[in-house]
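Novice: Coordinates in protein06.cif, mmCIF, C-alpha atoms and all ligand atoms, are listed below.
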data_run
loop_
_atom_site.label_atom_id
_atom_site.label_comp_id
_atom_site.auth_asym_id
_atom_site.auth_seq_id
_atom_site.Cartn_x
_atom_site.Cartn_y
_atom_site.Cartn_z
CA MET A 1 -7.53 20.04 10.96
CA ASN A 2 -9.39 16.89 9.98
CA ALA A 3 -10.28 13.87 12.07
CA ARG A 4 -7.59 11.19 11.98
CA PRO A 5 -7.95 7.42 12.29
CA VAL A 6 -6.49 5.72 15.35
CA SER A 7 -7.99 2.32 14.51
CA GLU A 8 -10.83 0.99 12.43
CA ARG A 9 -13.30 2.03 15.13
CA VAL A 10 -11.54 4.96 16.78
CA SER A 11 -10.79 8.42 15.44
CA TRP A 12 -8.91 11.34 16.88
CA LEU A 13 -10.83 14.58 16.83
CA GLY A 14 -9.74 17.80 18.42
CA ALA A 15 -7.43 20.72 17.96
CA VAL A 16 -3.72 21.43 18.00
CA ASP A 17 -3.00 24.74 19.71
CA TRP A 18 0.40 25.72 18.34
CA ASP A 19 0.34 29.22 19.79
CA ARG A 20 -0.75 28.77 23.38
CA ARG A 21 2.07 29.79 25.69
CA LEU A 22 0.36 29.93 29.08
CA PHE A 23 -2.11 27.65 30.81
CA ASP A 24 -4.33 28.70 33.70
CA SER A 25 -2.65 32.12 33.36
CA LEU A 26 0.23 30.50 35.26
CA ILE A 27 1.92 27.59 33.54
CA PRO A 28 4.35 28.21 30.66
CA LEU A 29 3.73 26.04 27.60
CA PRO A 30 6.94 26.19 25.56
CA ASP A 31 5.65 23.64 23.03
CA GLY A 32 1.97 24.64 22.78
CA THR A 33 -0.60 21.93 23.46
CA SER A 34 -3.45 19.93 21.97
CA TYR A 35 -6.99 19.16 23.07
CA ASN A 36 -7.65 15.58 22.04
CA ALA A 37 -11.15 14.20 21.76
CA TYR A 38 -11.89 10.73 20.40
CA LEU A 39 -14.76 9.16 18.56
CA VAL A 40 -15.46 5.46 19.19
CA ARG A 41 -17.87 3.91 16.69
CA GLY A 42 -19.26 0.60 17.87
CA SER A 43 -21.50 -1.53 15.69
CA GLU A 44 -24.55 -0.14 17.52
CA LYS A 45 -23.65 3.08 19.31
CA VAL A 46 -21.22 5.97 18.92
CA ALA A 47 -19.40 7.69 21.76
CA LEU A 48 -17.50 10.97 21.71
CA LEU A 49 -14.87 11.08 24.43
CA ASP A 50 -14.41 14.64 25.73
CA SER A 51 -14.46 17.80 23.63
CA VAL A 52 -12.05 20.72 23.27
CA ASP A 53 -11.21 24.06 24.81
CA PRO A 54 -13.92 26.65 24.05
CA SER A 55 -11.39 28.62 21.99
CA MET A 56 -11.27 25.65 19.57
CA ARG A 57 -14.99 24.91 19.49
CA ALA A 58 -15.27 25.72 15.79
CA VAL A 59 -12.54 23.20 14.93
CA LEU A 60 -14.42 20.37 16.62
CA GLU A 61 -17.70 21.54 15.16
CA ALA A 62 -16.26 21.34 11.64
CA GLN A 63 -15.00 17.80 12.30
CA LEU A 64 -18.41 16.75 13.62
CA ALA A 65 -19.99 17.79 10.34
CA ALA A 66 -18.91 14.37 9.06
CA VAL A 67 -20.32 12.54 12.11
CA PRO A 68 -24.04 11.89 11.64
CA ARG A 69 -24.70 10.41 15.05
CA VAL A 70 -23.37 10.60 18.60
CA ASP A 71 -25.17 8.60 21.29
CA TYR A 72 -22.86 9.29 24.24
CA VAL A 73 -20.51 12.06 25.24
CA VAL A 74 -18.06 10.74 27.81
CA SER A 75 -16.77 13.57 29.99
CA HIS A 76 -13.67 12.35 31.79
CA HIS A 77 -12.98 15.69 33.42
CA ALA A 78 -15.11 18.81 33.87
CA GLU A 79 -12.30 21.33 33.37
CA GLN A 80 -13.22 23.45 30.41
CA ASP A 81 -10.29 22.63 28.16
CA HIS A 82 -12.05 19.24 27.76
CA SER A 83 -15.66 19.99 28.56
CA GLY A 84 -16.03 23.51 27.22
CA ALA A 85 -17.46 22.49 23.82
CA ILE A 86 -19.89 19.87 25.20
CA PRO A 87 -22.85 22.29 25.07
CA MET A 88 -22.26 22.67 21.33
CA VAL A 89 -22.13 18.87 20.95
CA LEU A 90 -25.39 18.41 22.85
CA GLU A 91 -27.08 21.01 20.73
CA ARG A 92 -25.90 19.24 17.61
CA TYR A 93 -26.97 15.78 18.81
CA PRO A 94 -30.20 16.20 20.78
CA GLN A 95 -30.36 12.48 21.58
CA ALA A 96 -26.84 12.31 23.04
CA GLN A 97 -26.36 11.59 26.71
CA VAL A 98 -23.38 12.79 28.72
CA LEU A 99 -21.65 10.23 30.94
CA ALA A 100 -19.51 11.36 33.86
CA THR A 101 -18.67 10.40 37.42
CA PRO A 102 -21.23 11.52 40.03
CA LYS A 103 -18.98 14.44 40.97
CA GLY A 104 -18.36 15.18 37.32
CA ARG A 105 -22.09 15.31 36.69
CA ALA A 106 -22.53 17.91 39.43
CA LEU A 107 -19.60 19.98 38.16
CA LEU A 108 -20.83 19.93 34.57
CA MET A 109 -24.22 21.15 35.70
CA GLU A 110 -22.69 23.92 37.81
CA GLN A 111 -19.99 25.06 35.43
CA LEU A 112 -21.53 24.56 32.00
CA GLY A 113 -25.19 24.84 32.91
CA LEU A 114 -25.95 21.38 31.48
CA SER A 115 -29.37 20.12 32.43
CA ALA A 116 -29.63 17.14 34.76
CA GLU A 117 -31.57 14.98 32.31
CA ARG A 118 -28.77 15.14 29.74
CA ILE A 119 -26.15 13.68 32.12
CA ARG A 120 -25.97 10.20 33.62
CA ALA A 121 -23.51 9.34 36.36
CA VAL A 122 -21.49 6.18 35.76
CA GLN A 123 -20.08 3.99 38.48
CA ASP A 124 -16.50 2.94 38.93
CA GLY A 125 -15.94 -0.19 36.84
CA GLU A 126 -19.17 0.24 34.89
CA ARG A 127 -19.08 -1.00 31.30
CA LEU A 128 -20.86 0.58 28.36
CA SER A 129 -21.56 -1.57 25.32
CA LEU A 130 -21.39 0.14 21.95
CA GLY A 131 -22.07 -3.15 20.19
CA ASP A 132 -18.78 -4.69 19.19
CA ARG A 133 -16.83 -2.24 21.36
CA THR A 134 -17.00 -1.81 25.13
CA LEU A 135 -15.90 1.12 27.25
CA GLU A 136 -15.05 0.50 30.90
CA PHE A 137 -15.03 3.55 33.16
CA LEU A 138 -12.45 3.75 35.92
CA HIS A 139 -12.84 6.49 38.47
CA THR A 140 -9.50 8.19 39.04
CA PRO A 141 -10.18 10.96 41.56
CA TRP A 142 -7.59 13.71 41.91
CA VAL A 143 -6.08 13.46 38.47
CA HIS A 144 -6.19 16.35 38.99
CA TRP A 145 -9.70 17.30 40.05
CA PRO A 146 -11.89 15.23 42.38
CA GLU A 147 -14.24 14.09 39.62
CA THR A 148 -11.78 12.67 37.08
CA MET A 149 -12.08 9.28 35.40
CA VAL A 150 -10.51 7.38 32.51
CA SER A 151 -12.00 4.96 29.96
CA TYR A 152 -10.63 1.63 28.81
CA LEU A 153 -11.64 0.32 25.39
CA ARG A 154 -11.55 -3.36 26.16
CA GLU A 155 -11.40 -4.87 22.67
CA GLU A 156 -8.44 -2.69 21.65
CA GLY A 157 -6.54 -2.25 24.93
CA THR A 158 -6.73 1.54 24.62
CA LEU A 159 -6.74 3.75 27.69
CA PHE A 160 -8.30 7.17 27.21
CA SER A 161 -6.61 8.92 30.10
CA CYS A 162 -7.58 12.59 29.67
CA ASP A 163 -5.12 14.76 31.67
CA PHE A 164 -3.51 11.69 33.28
CA LEU A 165 -0.32 10.68 31.39
CA GLY A 166 -0.64 13.70 29.10
CA SER A 167 1.80 16.32 27.93
CA HIS A 168 1.52 19.81 26.56
CA ILE A 169 2.91 19.40 23.06
CA ALA A 170 1.59 20.66 19.75
CA GLN A 171 2.67 18.45 16.87
CA SER A 172 1.33 17.45 13.49
CA GLY A 173 1.69 13.72 14.07
CA LEU A 174 -0.63 11.68 16.25
CA TYR A 175 1.87 9.48 18.09
CA VAL A 176 5.02 9.96 20.14
CA GLU A 177 7.82 10.75 17.72
CA ASP A 178 10.70 11.84 19.96
CA GLU A 179 10.53 10.01 23.30
CA GLY A 180 12.99 12.39 24.94
CA GLN A 181 10.95 15.44 23.98
CA VAL A 182 7.75 13.82 25.17
CA LEU A 183 9.24 12.76 28.49
CA GLU A 184 10.46 16.32 29.08
CA ALA A 185 7.02 17.75 28.31
CA ALA A 186 5.23 15.03 30.26
CA LYS A 187 7.45 15.67 33.29
CA ARG A 188 6.69 19.38 33.11
CA TYR A 189 3.01 18.51 32.93
CA TYR A 190 3.27 16.07 35.83
CA ALA A 191 5.27 18.57 37.89
CA GLU A 192 2.80 21.39 37.48
CA ILE A 193 -0.49 19.52 37.45
CA MET A 194 -0.14 16.05 38.93
CA GLN A 195 2.63 16.34 41.51
CA PRO A 196 0.36 17.46 44.37
CA PHE A 197 -1.71 14.29 43.91
CA ARG A 198 1.07 11.73 43.68
CA LYS A 199 -0.41 9.51 46.39
CA SER A 200 -3.64 9.16 44.38
CA ILE A 201 -1.67 8.72 41.19
CA ALA A 202 0.39 5.92 42.71
CA LYS A 203 -2.81 4.01 43.53
CA HIS A 204 -4.21 4.53 40.03
CA LEU A 205 -0.95 3.27 38.51
CA VAL A 206 -1.16 0.09 40.58
CA ARG A 207 -4.74 -0.46 39.46
CA LEU A 208 -3.79 -0.01 35.82
CA GLU A 209 -1.29 -2.85 36.12
CA GLY A 210 -4.32 -5.14 35.93
CA PHE A 211 -5.16 -3.94 32.42
CA ASP A 212 -3.67 -4.93 29.10
CA LEU A 213 -2.66 -1.48 27.85
CA ARG A 214 -1.68 -1.39 24.20
CA LEU A 215 -2.27 2.31 23.59
CA VAL A 216 -2.51 5.31 25.91
CA ALA A 217 -4.53 8.13 24.38
CA PRO A 218 -4.42 11.23 26.59
CA SER A 219 -6.31 14.47 26.00
CA HIS A 220 -3.15 16.57 25.71
CA GLY A 221 -0.17 15.72 23.54
CA PRO A 222 0.75 12.65 21.51
CA LEU A 223 -0.60 9.11 21.91
CA HIS A 224 1.63 6.43 23.40
CA ALA A 225 1.87 3.30 21.28
CA ARG A 226 4.50 2.14 23.80
CA PRO A 227 2.65 2.77 27.07
CA ALA A 228 5.57 1.62 29.21
CA LEU A 229 7.39 4.86 28.39
CA ILE A 230 4.91 7.07 30.19
CA LEU A 231 3.80 4.56 32.81
CA ASP A 232 7.37 3.86 33.97
CA ALA A 233 8.11 7.58 34.06
CA TYR A 234 5.02 8.27 36.16
CA ARG A 235 5.96 5.48 38.57
CA ALA A 236 9.41 6.99 39.05
CA TRP A 237 8.06 10.52 39.51
CA ALA A 238 5.20 9.59 41.81
CA THR A 239 6.73 6.85 43.93
CA GLY A 240 10.50 7.00 43.52
CA ALA A 241 12.61 8.25 46.43
CA PRO A 242 13.96 11.80 46.20
CA LYS A 243 17.32 12.08 44.49
CA ASN A 244 20.61 13.49 45.71
CA LEU A 245 19.55 16.90 44.47
CA ALA A 246 19.23 20.27 46.16
CA VAL A 247 17.11 22.94 44.51
CA VAL A 248 18.30 26.44 45.36
CA ALA A 249 15.68 29.01 44.40
CA TYR A 250 16.67 32.55 45.16
CA THR A 251 16.24 36.19 44.48
CA SER A 252 18.77 38.90 45.21
CA MET A 253 18.51 42.68 45.21
CA HIS A 254 22.05 43.96 45.66
CA GLY A 255 24.08 40.78 45.19
CA SER A 256 24.62 39.78 48.83
CA THR A 257 22.12 36.91 48.78
CA ARG A 258 23.43 35.85 45.39
CA ALA A 259 26.97 35.62 46.81
CA MET A 260 25.66 33.40 49.59
CA VAL A 261 23.92 31.19 47.02
CA GLU A 262 27.13 30.88 45.03
CA ARG A 263 29.06 29.82 48.14
CA LEU A 264 26.43 27.27 49.10
CA VAL A 265 26.25 25.86 45.58
CA ARG A 266 30.06 25.47 45.44
CA SER A 267 30.09 23.81 48.81
CA LEU A 268 27.24 21.44 47.96
CA GLY A 269 28.97 20.48 44.74
CA ALA A 270 32.24 19.83 46.54
CA LYS A 271 30.39 17.51 48.90
CA GLY A 272 28.87 15.53 46.05
CA VAL A 273 25.35 16.98 46.12
CA GLY A 274 23.69 17.70 42.78
CA VAL A 275 22.33 21.24 42.59
CA GLN A 276 19.88 23.09 40.38
CA VAL A 277 19.83 26.86 40.84
CA PHE A 278 16.92 29.12 39.91
CA ASP A 279 17.06 32.91 39.88
CA LEU A 280 13.44 33.64 40.65
CA ALA A 281 13.57 37.00 38.89
CA VAL A 282 13.90 35.29 35.51
CA THR A 283 13.22 31.59 35.95
CA ASP A 284 10.71 29.43 34.09
CA ILE A 285 8.58 28.15 36.94
CA GLY A 286 7.92 24.98 34.96
CA LYS A 287 11.63 24.15 35.22
CA LEU A 288 11.53 24.82 38.95
CA ALA A 289 8.49 22.57 39.33
CA MET A 290 10.26 19.80 37.39
CA ALA A 291 13.32 20.02 39.62
CA LEU A 292 11.08 19.70 42.67
CA VAL A 293 9.85 16.32 41.37
CA ASP A 294 13.29 14.89 42.15
CA ALA A 295 14.84 17.11 44.82
CA ALA A 296 15.52 15.90 48.36
CA THR A 297 16.26 19.43 49.59
CA LEU A 298 14.89 22.88 48.84
CA VAL A 299 16.84 25.96 49.82
CA VAL A 300 15.17 29.34 49.41
CA GLY A 301 17.46 32.33 49.14
CA THR A 302 15.90 35.68 49.92
CA PRO A 303 16.84 39.15 50.95
CA THR A 304 14.64 40.76 53.58
CA VAL A 305 12.27 43.35 52.15
CA LEU A 306 10.12 45.53 54.37
CA GLY A 307 10.61 43.12 57.25
CA GLY A 308 9.78 39.91 55.38
CA PRO A 309 10.90 37.68 52.50
CA HIS A 310 11.22 39.13 49.02
CA PRO A 311 7.86 38.67 47.21
CA GLY A 312 9.65 36.60 44.56
CA ALA A 313 10.84 34.15 47.20
CA ALA A 314 7.41 34.15 48.83
CA TYR A 315 5.92 33.24 45.45
CA ALA A 316 8.32 30.31 45.10
CA ALA A 317 7.44 29.14 48.60
CA LEU A 318 3.72 29.34 47.83
CA LEU A 319 4.29 27.40 44.62
CA ALA A 320 6.27 24.70 46.41
CA ASN A 321 3.58 24.47 49.06
CA ALA A 322 0.92 23.97 46.39
CA LEU A 323 2.97 21.36 44.50
CA ARG A 324 3.68 19.34 47.68
CA PRO A 325 6.97 17.89 46.42
CA LYS A 326 8.56 14.91 48.13
CA ALA A 327 11.54 16.94 49.38
CA ARG A 328 12.59 16.02 52.92
CA TRP A 329 14.68 19.04 53.89
CA LEU A 330 14.26 22.79 53.68
CA SER A 331 16.45 25.75 54.54
CA VAL A 332 16.52 29.50 54.07
CA ILE A 333 19.51 31.68 53.42
CA GLY A 334 19.80 35.38 52.71
CA SER A 335 20.98 38.83 53.54
CA TYR A 336 19.09 41.58 55.32
CA GLY A 337 19.68 45.28 55.74
CA TRP A 338 18.35 46.01 59.18
CA GLY A 339 16.23 43.15 60.44
CA GLY A 340 12.99 41.28 59.89
CA LYS A 341 11.28 37.93 59.97
CA ALA A 342 11.99 36.42 56.57
CA VAL A 343 12.45 32.86 57.89
CA GLU A 344 9.35 32.87 60.07
CA GLN A 345 7.20 34.28 57.29
CA LEU A 346 8.53 31.84 54.70
CA ALA A 347 8.01 28.91 57.05
CA ALA A 348 4.39 29.97 57.50
CA LEU A 349 3.90 29.77 53.74
CA VAL A 350 4.78 26.07 53.44
CA PRO A 351 2.54 24.13 55.86
CA ASN A 352 2.03 21.34 53.27
CA LEU A 353 5.71 20.45 53.09
CA GLU A 354 6.67 17.50 55.27
CA VAL A 355 10.24 18.65 55.75
CA GLU A 356 12.87 18.97 58.41
CA VAL A 357 14.09 22.57 58.50
CA LEU A 358 17.88 22.76 58.45
CA SER A 359 19.75 25.64 60.07
CA PRO A 360 18.95 28.90 58.24
CA VAL A 361 21.86 31.19 57.42
CA LEU A 362 21.02 34.88 57.53
CA CYS A 363 23.41 37.75 57.73
CA LYS A 364 23.34 41.53 57.94
CA GLY A 365 24.73 42.87 54.66
CA PRO A 366 27.32 40.86 52.74
CA ALA A 367 28.29 37.49 54.24
CA GLY A 368 31.49 37.49 56.26
CA GLY A 369 33.72 34.64 57.32
CA ALA A 370 31.36 33.30 59.98
CA GLU A 371 28.39 33.24 57.63
CA LEU A 372 30.39 31.60 54.84
CA GLU A 373 31.42 28.88 57.27
CA ALA A 374 27.76 28.51 58.27
CA LEU A 375 26.89 28.00 54.62
CA ASP A 376 29.56 25.29 54.40
CA ARG A 377 28.06 23.65 57.49
CA LEU A 378 24.61 23.80 55.92
CA ALA A 379 26.00 22.11 52.81
CA GLY A 380 27.47 19.45 55.08
CA GLU A 381 24.10 18.89 56.76
CA VAL A 382 22.44 18.49 53.37
CA ALA A 383 25.14 16.10 52.11
CA ALA A 384 24.92 13.95 55.24
CA ARG A 385 21.17 13.63 55.01
CA HIS A 386 21.27 12.80 51.33
CA ALA A 387 23.88 10.14 52.01
CA ALA A 388 21.65 8.64 54.70
CA LEU A 389 18.74 8.70 52.28
CA ALA A 390 20.78 6.91 49.63
CA GLU A 391 21.71 4.24 52.15
CA GLY A 392 18.07 3.74 53.00
CA GLY A 393 18.50 5.44 56.35
CA ALA A 394 15.31 7.41 55.85
CA ALA A 395 12.04 5.66 55.20
CA GLN A 396 10.64 6.51 51.82
CA LYS A 397 7.53 8.55 52.04
CA LEU A 398 4.94 8.86 49.36
FE1 LIG A 401 -6.53 19.48 30.69
FE2 LIG A 401 -7.35 19.56 33.99
O1 LIG A 401 -7.52 19.96 32.19
#
Represent the structure contained in this file as structure tokens.

Specialist:
Amino acid sequence: MNARPVSERVSWLGAVDWDRRLFDSLIPLPDGTSYNAYLVRGSEKVALLDSVDPSMRAVLEAQLAAVPRVDYVVSHHAEQDHSGAIPMVLERYPQAQVLATPKGRALLMEQLGLSAERIRAVQDGERLSLGDRTLEFLHTPWVHWPETMVSYLREEGTLFSCDFLGSHIAQSGLYVEDEGQVLEAAKRYYAEIMQPFRKSIAKHLVRLEGFDLRLVAPSHGPLHARPALILDAYRAWATGAPKNLAVVAYTSMHGSTRAMVERLVRSLGAKGVGVQVFDLAVTDIGKLAMALVDAATLVVGTPTVLGGPHPGAAYAALLANALRPKARWLSVIGSYGWGGKAVEQLAALVPNLEVEVLSPVLCKGPAGGAELEALDRLAGEVAARHAALAEGGAAQKL
């Protein structure tokens, strides 16, 4: 794939990874992804912004064959899908200097073995003149590592945002083509990568309001010629109040827990609560993560296995704990054969969740009349709290 012009002075370089289906050996990528690097050619100096995943090093190397000079390599983020080909770039351009945040500099030295004299730390707000183009570096820690930053090309109003505002989409075109598709992919990306850092992200979004953004150029997925699309979506995801939505994530061995889930879901629906149900044995965890962006309540359904929660339910609890969603309420339901401590063990897995735990409903074997009524009461508790939230009865938390 050849370099493509973004403007007279800016080119897209990088690779489209049509086939990648898993990121970090964890995150499903239904639409592939791209690793976007950019070349900014000022009248005096040339800067390469990021590189590509090591698996695509040869693609970038072939594109650089037409680039006689690189003075700076801006590393927004030390994770290897962006930094992994920087050693090749430095070998190719012996005069080039890497620019990164102070923490980024340390990480690049540790993780890529770059030598200290090839990397200069840049300060927050520092400007780099390339002649008739100027890059301004904005430190954006925890998007999603502690060392991350973005660059603003002042003369063109372009924000090079790296992971921030990105989406895992492989496409032949450079820009957003289908806004609905991009929002879906961007939400999946936010849910899996950015959601745990929404407090930091909210601050960065406020800061960006002071910039004239005409183009957002992330390092994954298409470029946004209408930045409001992705900025408004991020504001809603990061700072909006939870919605009237309960996520019910469950696993069931012999059908008893599933029957309890079905009763709870019917009862929640009858009380006006939106529900998304995930069978953890088969679910796409990206979809579960996306639902957690909006949900006010999480209910985990689990049978008791060997005295504790089913490992599938424990996995979902660990995932929710890592994602730190803005849910306010949590409950556990499920069936057990002879006893155990499923609720206690699940509760111990979610210390990061700032939730009120609503009455668990557990029963020995299939649910009987009393347990079904308890599930209806649980649905009532959820509905009442969601109603209070909608009326502003609960202070919004970030
Ligand atoms: Fe796309 Fe955090 O790397």

Novice: Measuring between all atoms listed in the file, which one of A:Ser200, A:Thr148, A:Asn2, A:Ser115 shows the shortest distance to ligand LIG 401 (chain A)?

Specialist: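 Nearest candidate to ligand LIG 401 (chain A) out of A:Ser200, A:Thr148, A:Asn2, A:Ser115: A:Thr148.
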
Novice: Residues contacting ligand LIG 401 (chain A) - anything with an atom at most 9 Å away, using all atoms listed in the file - can you give me those as a VMD selection string?

Specialist: chain A and resid 35 53 77 to 83 143 to 145 148 162 to 164 166 193 219 to 220

Novice: In Å to one decimal, how far is CA of Gln195 in chain A from CA of Pro146 in chain A?

Specialist: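 Straight-line distance from CA of Pro146 in chain A to CA of Gln195 in chain A works out to 14.6 Å.
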
Novice: To one decimal place, how far is CA of Gly286 in chain A from CA of His204 in chain A in Å?

Specialist: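 So the two atoms, CA of Gly286 in chain A and CA of His204 in chain A, lie 24.3 Å apart.
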
Novice: Which residue is closest to Ala390 in chain A? Choose from A:Ala15, A:Glu147, A:Leu245, A:Ala186 and count only C-alpha atoms.

Specialist: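 Distance minimum relative to Ala390 in chain A lands on A:Leu245.
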
Novice: Please provide as a list in words all residues within 8 Å of range 303-311 of chain A, with the sequence filter that same-chain residues fewer than 6 positions apart are discarded (counting all atoms listed in the file).

Specialist: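 My reading of the contact set: Thr251, Ser252, Met253, Thr257, Gly334, Ser335, Tyr336, Gly337, Gly339, Gly340, Lys341, Ala342, Val343, Gln345 and Leu346 of chain A.
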
Novice: Take the residues that were just selected and, keeping C-alpha atoms, output them as a CSV table (one decimal), in the frame of the given file.

Specialist:
chain,number,residue,atom,x,y,z
A,251,THR,CA,16.2,36.2,44.5
A,252,SER,CA,18.8,38.9,45.2
A,253,MET,CA,18.5,42.7,45.2
A,257,THR,CA,22.1,36.9,48.8
A,334,GLY,CA,19.8,35.4,52.7
A,335,SER,CA,21.0,38.8,53.5
A,336,TYR,CA,19.1,41.6,55.3
A,337,GLY,CA,19.7,45.3,55.7
A,339,GLY,CA,16.2,43.2,60.4
A,340,GLY,CA,13.0,41.3,59.9
A,341,LYS,CA,11.3,37.9,60.0
A,342,ALA,CA,12.0,36.4,56.6
A,343,VAL,CA,12.4,32.9,57.9
A,345,GLN,CA,7.2,34.3,57.3
A,346,LEU,CA,8.5,31.8,54.7

Novice: So that each row is one residue of range 257-327 of chain A with an atom at most 10 Å from range 19-31 of chain A, can you give its shortest atom pair and the distance in Å to one decimal, using all atoms listed in the file, rows by chain and rising number, as a tab-separated table?

Specialist:
residue	atom	partner	partner_atom	distance
A:Asp284	CA	A:Pro28	CA	7.3
A:Ile285	CA	A:Ile27	CA	7.5
A:Gly286	CA	A:Pro28	CA	6.5
A:Lys287	CA	A:Pro28	CA	9.5

Novice: Which residue gives the smallest distance to Glu371 in chain A among A:Thr297, A:Ser11, A:Ser256, A:Ser129, with all atoms listed in the file counted?

Specialist: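 Among A:Thr297, A:Ser11, A:Ser256, A:Ser129, it is A:Ser256 that comes nearest to Glu371 in chain A.
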
Novice: Would you fill the gaps in range 37-51 of chain A so it has N, CA, C and O atoms, then print it as a PDB file, in the coordinates of the input?

Specialist:
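Saved file out-v1.pdb follows:
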ATOM      1  N   ALA A  37      -9.912  14.921  21.525  1.00  0.00           N
ATOM      2  CA  ALA A  37     -11.150  14.200  21.760  1.00  0.00           C
ATOM      3  C   ALA A  37     -11.088  12.946  20.876  1.00  0.00           C
ATOM      4  O   ALA A  37     -10.254  12.871  19.965  1.00  0.00           O
ATOM      5  N   TYR A  38     -11.923  11.971  21.180  1.00  0.00           N
ATOM      6  CA  TYR A  38     -11.890  10.730  20.400  1.00  0.00           C
ATOM      7  C   TYR A  38     -13.313  10.287  20.102  1.00  0.00           C
ATOM      8  O   TYR A  38     -14.225  10.490  20.921  1.00  0.00           O
ATOM      9  N   LEU A  39     -13.466   9.693  18.947  1.00  0.00           N
ATOM     10  CA  LEU A  39     -14.760   9.160  18.560  1.00  0.00           C
ATOM     11  C   LEU A  39     -14.620   7.636  18.472  1.00  0.00           C
ATOM     12  O   LEU A  39     -13.746   7.139  17.760  1.00  0.00           O
ATOM     13  N   VAL A  40     -15.466   6.931  19.230  1.00  0.00           N
ATOM     14  CA  VAL A  40     -15.460   5.460  19.190  1.00  0.00           C
ATOM     15  C   VAL A  40     -16.781   5.017  18.560  1.00  0.00           C
ATOM     16  O   VAL A  40     -17.855   5.285  19.106  1.00  0.00           O
ATOM     17  N   ARG A  41     -16.665   4.353  17.423  1.00  0.00           N
ATOM     18  CA  ARG A  41     -17.870   3.910  16.690  1.00  0.00           C
ATOM     19  C   ARG A  41     -18.018   2.407  16.858  1.00  0.00           C
ATOM     20  O   ARG A  41     -17.304   1.621  16.211  1.00  0.00           O
ATOM     21  N   GLY A  42     -18.929   2.019  17.750  1.00  0.00           N
ATOM     22  CA  GLY A  42     -19.260   0.600  17.870  1.00  0.00           C
ATOM     23  C   GLY A  42     -20.244   0.215  16.782  1.00  0.00           C
ATOM     24  O   GLY A  42     -20.722   1.070  16.020  1.00  0.00           O
ATOM     25  N   SER A  43     -20.563  -1.068  16.731  1.00  0.00           N
ATOM     26  CA  SER A  43     -21.500  -1.530  15.690  1.00  0.00           C
ATOM     27  C   SER A  43     -22.914  -1.029  15.951  1.00  0.00           C
ATOM     28  O   SER A  43     -23.737  -1.001  15.034  1.00  0.00           O
ATOM     29  N   GLU A  44     -23.177  -0.605  17.212  1.00  0.00           N
ATOM     30  CA  GLU A  44     -24.550  -0.140  17.520  1.00  0.00           C
ATOM     31  C   GLU A  44     -24.605   1.306  17.998  1.00  0.00           C
ATOM     32  O   GLU A  44     -25.579   2.001  17.732  1.00  0.00           O
ATOM     33  N   LYS A  45     -23.597   1.738  18.722  1.00  0.00           N
ATOM     34  CA  LYS A  45     -23.650   3.080  19.310  1.00  0.00           C
ATOM     35  C   LYS A  45     -22.324   3.806  19.048  1.00  0.00           C
ATOM     36  O   LYS A  45     -21.278   3.178  18.834  1.00  0.00           O
ATOM     37  N   VAL A  46     -22.402   5.127  19.147  1.00  0.00           N
ATOM     38  CA  VAL A  46     -21.220   5.970  18.920  1.00  0.00           C
ATOM     39  C   VAL A  46     -20.990   6.841  20.143  1.00  0.00           C
ATOM     40  O   VAL A  46     -21.929   7.473  20.646  1.00  0.00           O
ATOM     41  N   ALA A  47     -19.739   6.876  20.593  1.00  0.00           N
ATOM     42  CA  ALA A  47     -19.400   7.690  21.760  1.00  0.00           C
ATOM     43  C   ALA A  47     -18.321   8.699  21.397  1.00  0.00           C
ATOM     44  O   ALA A  47     -17.314   8.353  20.761  1.00  0.00           O
ATOM     45  N   LEU A  48     -18.543   9.948  21.811  1.00  0.00           N
ATOM     46  CA  LEU A  48     -17.500  10.970  21.710  1.00  0.00           C
ATOM     47  C   LEU A  48     -16.877  11.112  23.087  1.00  0.00           C
ATOM     48  O   LEU A  48     -17.586  11.304  24.081  1.00  0.00           O
ATOM     49  N   LEU A  49     -15.563  10.990  23.150  1.00  0.00           N
ATOM     50  CA  LEU A  49     -14.870  11.080  24.430  1.00  0.00           C
ATOM     51  C   LEU A  49     -14.265  12.480  24.567  1.00  0.00           C
ATOM     52  O   LEU A  49     -13.344  12.828  23.840  1.00  0.00           O
ATOM     53  N   ASP A  50     -14.838  13.263  25.463  1.00  0.00           N
ATOM     54  CA  ASP A  50     -14.410  14.640  25.730  1.00  0.00           C
ATOM     55  C   ASP A  50     -14.639  15.547  24.519  1.00  0.00           C
ATOM     56  O   ASP A  50     -15.077  15.114  23.453  1.00  0.00           O
ATOM     57  N   SER A  51     -14.329  16.838  24.733  1.00  0.00           N
ATOM     58  CA  SER A  51     -14.460  17.800  23.630  1.00  0.00           C
ATOM     59  C   SER A  51     -13.164  18.615  23.593  1.00  0.00           C
ATOM     60  O   SER A  51     -12.087  18.034  23.754  1.00  0.00           O
TER      61      SER A  51
END
